[in-house]
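Take a look at the structure set out below.
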Amino acid sequence: MLLLAAAMLALVTPAVLGRDLGWPDWSTPAGVAAGVIGVGVFLRHENRVIRRGGTPLLDVAVLTRAGVPAGLLAACLVMGCYAGFLFTLTLRLQEGLGFTALAAGLAFLPYAAGFALCGLAVSRLTTRLRDVLPLLGPPLLAAVVLLVAMLTRHGWPWLPGSLLLLVGGAAHAAGFTPLVDRLAAALPAGAATAFSALISTGTLLAAVLGVAVIGGLHLARPDTPAAALVTAVLLVTVPVAAGRCARALRQPAGPSFATTDPVSSSVAVPAEVSELER
């Protein structure tokens with residue numbers, strides 16, 4: 001826990017607080033480098049615990065399943081871009097257009113509604129449609145981000161803006177929910193805890209970094225669409241990772257994929273053996 005906490009602090013603190021505290025420009029890349037090294041040390045420690053037959057804080061064997069790293073990256077990119085978009089639009093509405101905090105919050109209600117409605121509808125779709133959604137949702141969200149950036153240059157038309165945010169929320173859910181569902185379904189039952197920890201920690205960290213990077217770009221150049229362009233570029237790269245994840249998950253898990261089963265044993269065993277035991 002101490003290793004992981006130190007790595008997360010190194011990754012996040014310079015990016016979030018460095019500008020306000022007057023830290024030098026090199027503090028952010030230095031913090032990212034230190035955080036990456038810290039994560040590497042943490043993963044080595046967890047692997048050592050597994051080899052000794054102990055119970056790790058995070059069972060990193062989940063990442064050995066082909067397709068999981070690519071799917072996790074795609075999910076984190078979507079959440080990071082969403083957080084950056086939410087932050088920059090809120091700043092634009094409040095500081096640029098004079099909205100109160102309440103009005104800016106209410107402006108985002110259509111986005112939440114779109115996410116909820118699409119997320120509920122995903123489970124009723126056919127498997128083929130659910131597999132296509134992660135490829136279509138992120139580019140659609142990228143288009144919404146760019147259109148919203150254009151709309152807010154001279155004001156906020158409530159009806160067009162609300163419709164765009166409704167579509168954006170649905171596109172967000174389309175790019176995130178079925179992808180996470182498919183990743184969870186592809187893993188053995190014993191990997192549920194480890195996958196939950198990975199997706200929760202990864203998306204939260206991505207959200208913080210999205211606010212720091214995209215929000216920092218907006219604060220540095222508030223009169224240009226640079227932040228929206230960066231967000232859109234990141235979003236249109238998500239289908240590449242999602243597609244790679246989908247292709248890999250079509251293949252059965254190999255005999256090398258192992259995970260710690262908290263029910264039967266604390267020792268890592270091949271996934272197909274644990275399934276037979278169950």
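Going by the structure tokens order, chains are called A, B, ..., each with residues numbered from 1, while ligands are numbered from 1 in the order shown.
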
May I have a table of the residues of range 140-243 of chain A lying at most 10 Å from range 74-86 of chain A, giving each one's closest pair of atoms and their distance in Å to one decimal, counting only C-alpha atoms, ordered by chain and ascending residue number, as a tab-separated table?
```
residue	atom	partner	partner_atom	distance
A:Leu141	CA	A:Tyr82	CA	8.9
A:Ala142	CA	A:Cys81	CA	9.1
A:Val145	CA	A:Phe85	CA	7.2
A:Val148	CA	A:Phe85	CA	9.8
A:Ala149	CA	A:Phe85	CA	9.6
A:Gly168	CA	A:Tyr82	CA	9.5
A:Gly169	CA	A:Tyr82	CA	9.3
A:His172	CA	A:Val78	CA	7.2
A:Ala173	CA	A:Val78	CA	9.5
A:Gly175	CA	A:Val78	CA	7.2
A:Phe176	CA	A:Ala75	CA	5.7
A:Thr177	CA	A:Ala75	CA	8.7
A:Leu179	CA	A:Ala75	CA	7.3
A:Val180	CA	A:Ala75	CA	7.3
A:Ile199	CA	A:Cys76	CA	8.0
A:Ser200	CA	A:Cys76	CA	9.5
A:Thr201	CA	A:Cys76	CA	9.6
A:Gly202	CA	A:Cys76	CA	6.1
A:Thr203	CA	A:Cys76	CA	4.8
A:Leu204	CA	A:Met79	CA	7.9
A:Leu205	CA	A:Gly80	CA	8.0
A:Ala206	CA	A:Gly80	CA	4.5
A:Ala207	CA	A:Gly80	CA	4.1
A:Val208	CA	A:Gly80	CA	7.2
A:Leu209	CA	A:Gly80	CA	6.7
A:Gly210	CA	A:Gly80	CA	4.4
A:Val211	CA	A:Gly84	CA	4.3
A:Ala212	CA	A:Gly84	CA	7.6
A:Val213	CA	A:Gly84	CA	7.6
A:Ile214	CA	A:Gly84	CA	5.2
A:Gly215	CA	A:Gly84	CA	5.8
A:Gly216	CA	A:Gly84	CA	9.3
A:Leu217	CA	A:Gly84	CA	9.9
A:His218	CA	A:Gly84	CA	9.4
A:Ala227	CA	A:Phe85	CA	8.3
A:Ala228	CA	A:Phe85	CA	7.5
A:Val230	CA	A:Cys81	CA	9.0
A:Thr231	CA	A:Cys81	CA	5.7
A:Ala232	CA	A:Cys81	CA	8.2
A:Val233	CA	A:Cys81	CA	9.9
A:Leu234	CA	A:Leu77	CA	7.1
A:Leu235	CA	A:Val78	CA	6.5
A:Val236	CA	A:Val78	CA	9.8
A:Thr237	CA	A:Ala74	CA	8.5
A:Val238	CA	A:Ala74	CA	5.2
A:Pro239	CA	A:Ala74	CA	7.5
A:Val240	CA	A:Ala74	CA	8.4
A:Ala241	CA	A:Ala74	CA	5.6
A:Ala242	CA	A:Ala74	CA	5.8
A:Gly243	CA	A:Ala74	CA	9.4
```

List every residue of range 128-190 of chain A that DSSP, applied to the backbone of this structure, places in alpha helix (DSSP H), and write the result as a PyMOL selection string.
chain A and resi 128-151+158-186

Need the shell around Leu136 in chain A: protein/DNA/RNA residues with any atom at most 8 Å away, counting only C-alpha atoms. Skip same-chain ones fewer than 2 positions apart. Format as a VMD selection string?
chain A and resid 132 to 134 138 to 140 171 174 to 175 239

Tell me, as a VMD selection string, which residues lie within 9 Å of range 29-40 of chain A, counting only C-alpha atoms; anything in the same chain fewer than 6 positions away does not count.
chain A and resid 3 to 4 6 to 15

Using the selection just defined, write its residues with all heavy atoms as an mmCIF file, in the first residue's frame.
```
data_model
loop_
_atom_site.group_PDB
_atom_site.id
_atom_site.type_symbol
_atom_site.label_atom_id
_atom_site.label_comp_id
_atom_site.auth_asym_id
_atom_site.auth_seq_id
_atom_site.Cartn_x
_atom_site.Cartn_y
_atom_site.Cartn_z
ATOM 1 N N LEU A 3 3.944 1.561 -1.176
ATOM 2 C CA LEU A 3 4.576 1.697 -2.494
ATOM 3 C C LEU A 3 3.594 2.287 -3.501
ATOM 4 O O LEU A 3 3.935 3.205 -4.258
ATOM 5 C CB LEU A 3 5.071 0.332 -2.983
ATOM 6 C CG LEU A 3 6.379 -0.192 -2.396
ATOM 7 C CD1 LEU A 3 6.612 -1.639 -2.831
ATOM 8 C CD2 LEU A 3 7.547 0.684 -2.833
ATOM 9 N N LEU A 4 2.387 1.754 -3.536
ATOM 10 C CA LEU A 4 1.395 2.236 -4.498
ATOM 11 C C LEU A 4 0.999 3.680 -4.201
ATOM 12 O O LEU A 4 0.859 4.502 -5.115
ATOM 13 C CB LEU A 4 0.163 1.324 -4.469
ATOM 14 C CG LEU A 4 -0.923 1.631 -5.497
ATOM 15 C CD1 LEU A 4 -0.374 1.534 -6.913
ATOM 16 C CD2 LEU A 4 -2.108 0.691 -5.326
ATOM 17 N N ALA A 6 2.806 6.001 -2.723
ATOM 18 C CA ALA A 6 3.915 6.891 -3.091
ATOM 19 C C ALA A 6 3.969 7.096 -4.599
ATOM 20 O O ALA A 6 4.196 8.212 -5.088
ATOM 21 C CB ALA A 6 5.232 6.313 -2.576
ATOM 22 N N ALA A 7 3.748 6.026 -5.370
ATOM 23 C CA ALA A 7 3.769 6.137 -6.832
ATOM 24 C C ALA A 7 2.640 7.032 -7.330
ATOM 25 O O ALA A 7 2.837 7.876 -8.212
ATOM 26 C CB ALA A 7 3.668 4.746 -7.456
ATOM 27 N N MET A 8 1.436 6.861 -6.756
ATOM 28 C CA MET A 8 0.295 7.676 -7.180
ATOM 29 C C MET A 8 0.507 9.154 -6.832
ATOM 30 O O MET A 8 0.177 10.051 -7.615
ATOM 31 C CB MET A 8 -0.989 7.174 -6.516
ATOM 32 C CG MET A 8 -1.426 5.771 -6.922
ATOM 33 S SD MET A 8 -1.756 5.565 -8.681
ATOM 34 C CE MET A 8 -0.224 4.802 -9.223
ATOM 35 N N LEU A 9 1.069 9.418 -5.652
ATOM 36 C CA LEU A 9 1.339 10.802 -5.267
ATOM 37 C C LEU A 9 2.354 11.451 -6.207
ATOM 38 O O LEU A 9 2.214 12.615 -6.586
ATOM 39 C CB LEU A 9 1.849 10.851 -3.830
ATOM 40 C CG LEU A 9 0.797 10.724 -2.728
ATOM 41 C CD1 LEU A 9 1.465 10.592 -1.363
ATOM 42 C CD2 LEU A 9 -0.139 11.930 -2.736
ATOM 43 N N ALA A 10 3.390 10.688 -6.582
ATOM 44 C CA ALA A 10 4.400 11.232 -7.493
ATOM 45 C C ALA A 10 3.798 11.539 -8.861
ATOM 46 O O ALA A 10 4.158 12.537 -9.500
ATOM 47 C CB ALA A 10 5.556 10.236 -7.630
ATOM 48 N N LEU A 11 2.871 10.702 -9.312
ATOM 49 C CA LEU A 11 2.245 10.918 -10.613
ATOM 50 C C LEU A 11 1.317 12.130 -10.602
ATOM 51 O O LEU A 11 1.292 12.914 -11.550
ATOM 52 C CB LEU A 11 1.439 9.676 -11.015
ATOM 53 C CG LEU A 11 2.185 8.525 -11.677
ATOM 54 C CD1 LEU A 11 1.276 7.309 -11.769
ATOM 55 C CD2 LEU A 11 2.672 8.915 -13.061
ATOM 56 N N VAL A 12 0.559 12.278 -9.521
ATOM 57 C CA VAL A 12 -0.546 13.230 -9.513
ATOM 58 C C VAL A 12 -0.167 14.604 -8.970
ATOM 59 O O VAL A 12 -0.558 15.639 -9.519
ATOM 60 C CB VAL A 12 -1.724 12.639 -8.701
ATOM 61 C CG1 VAL A 12 -2.801 13.686 -8.471
ATOM 62 C CG2 VAL A 12 -2.285 11.431 -9.413
ATOM 63 N N THR A 13 0.612 14.643 -7.883
ATOM 64 C CA THR A 13 0.813 15.906 -7.161
ATOM 65 C C THR A 13 1.418 17.022 -8.009
ATOM 66 O O THR A 13 0.884 18.138 -8.038
ATOM 67 C CB THR A 13 1.671 15.666 -5.905
ATOM 68 O OG1 THR A 13 1.055 14.648 -5.116
ATOM 69 C CG2 THR A 13 1.790 16.935 -5.083
ATOM 70 N N PRO A 14 2.535 16.785 -8.732
ATOM 71 C CA PRO A 14 3.089 17.889 -9.535
ATOM 72 C C PRO A 14 2.129 18.377 -10.617
ATOM 73 O O PRO A 14 2.040 19.576 -10.879
ATOM 74 C CB PRO A 14 4.357 17.285 -10.144
ATOM 75 C CG PRO A 14 4.694 16.129 -9.276
ATOM 76 C CD PRO A 14 3.385 15.585 -8.812
ATOM 77 N N ALA A 15 1.392 17.426 -11.235
ATOM 78 C CA ALA A 15 0.488 17.812 -12.315
ATOM 79 C C ALA A 15 -0.690 18.631 -11.803
ATOM 80 O O ALA A 15 -1.156 19.558 -12.469
ATOM 81 C CB ALA A 15 -0.011 16.560 -13.046
#
```

Excluding Ala186 in chain A and its own-chain neighbours fewer than 4 positions away, which residues fall within 12 Å of it when counting only C-alpha atoms? Please give them as a PyMOL selection string.
chain A and resi 62+65-68+71+179-182+190-192+195+245-246+248-253+257+271

Write out as a short mmCIF file (atom, residue, chain, number, x, y, z; two decimals) with C-alpha atoms, in the first residue's frame each polymer residue whose atoms come within 8 Å of range 97-107 of chain A, counting only C-alpha atoms; drop sequence neighbours fewer than 5 positions from it.
```cif
data_model
loop_
_atom_site.label_atom_id
_atom_site.label_comp_id
_atom_site.auth_asym_id
_atom_site.auth_seq_id
_atom_site.Cartn_x
_atom_site.Cartn_y
_atom_site.Cartn_z
CA THR A 90 -17.26 23.93 -16.41
CA ARG A 92 -15.74 27.93 -19.72
CA GLY A 155 -22.42 31.72 -25.63
CA TRP A 156 -24.35 28.62 -24.63
CA TRP A 158 -29.34 25.61 -24.20
CA SER A 162 -28.17 20.02 -24.19
#
```

Given only C-alpha atoms as the counted atoms, nearest of A:Leu43, A:Ala170, A:Leu89, A:Leu129 to Leu57 in chain A:
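Comparing A:Leu43, A:Ala170, A:Leu89, A:Leu129 against Leu57 in chain A, the winner is A:Leu43.
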
Just list as an MDAnalysis selection string whatever in range 29-272 of chain A DSSP marks as strand (DSSP E).
chainID A and resid 258:260 268:270

Quick one: distance from CA of Ala194 in chain A to CA of Leu117 in chain A in Å, one decimal?
28.2 Å

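CA of Val144 in chain A lies 26.0 Å from CA of Thr127 in chain A.
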
Residues within 7 Å of Gly114 in chain A, please, as a list in words. Count only C-alpha atoms; anything in the same chain fewer than 2 positions from it doesn't count.
Pro110, Tyr111, Ala112, Ala116, Leu117, Cys118, Leu166, Val167, Gly169 and Ala170 of chain A
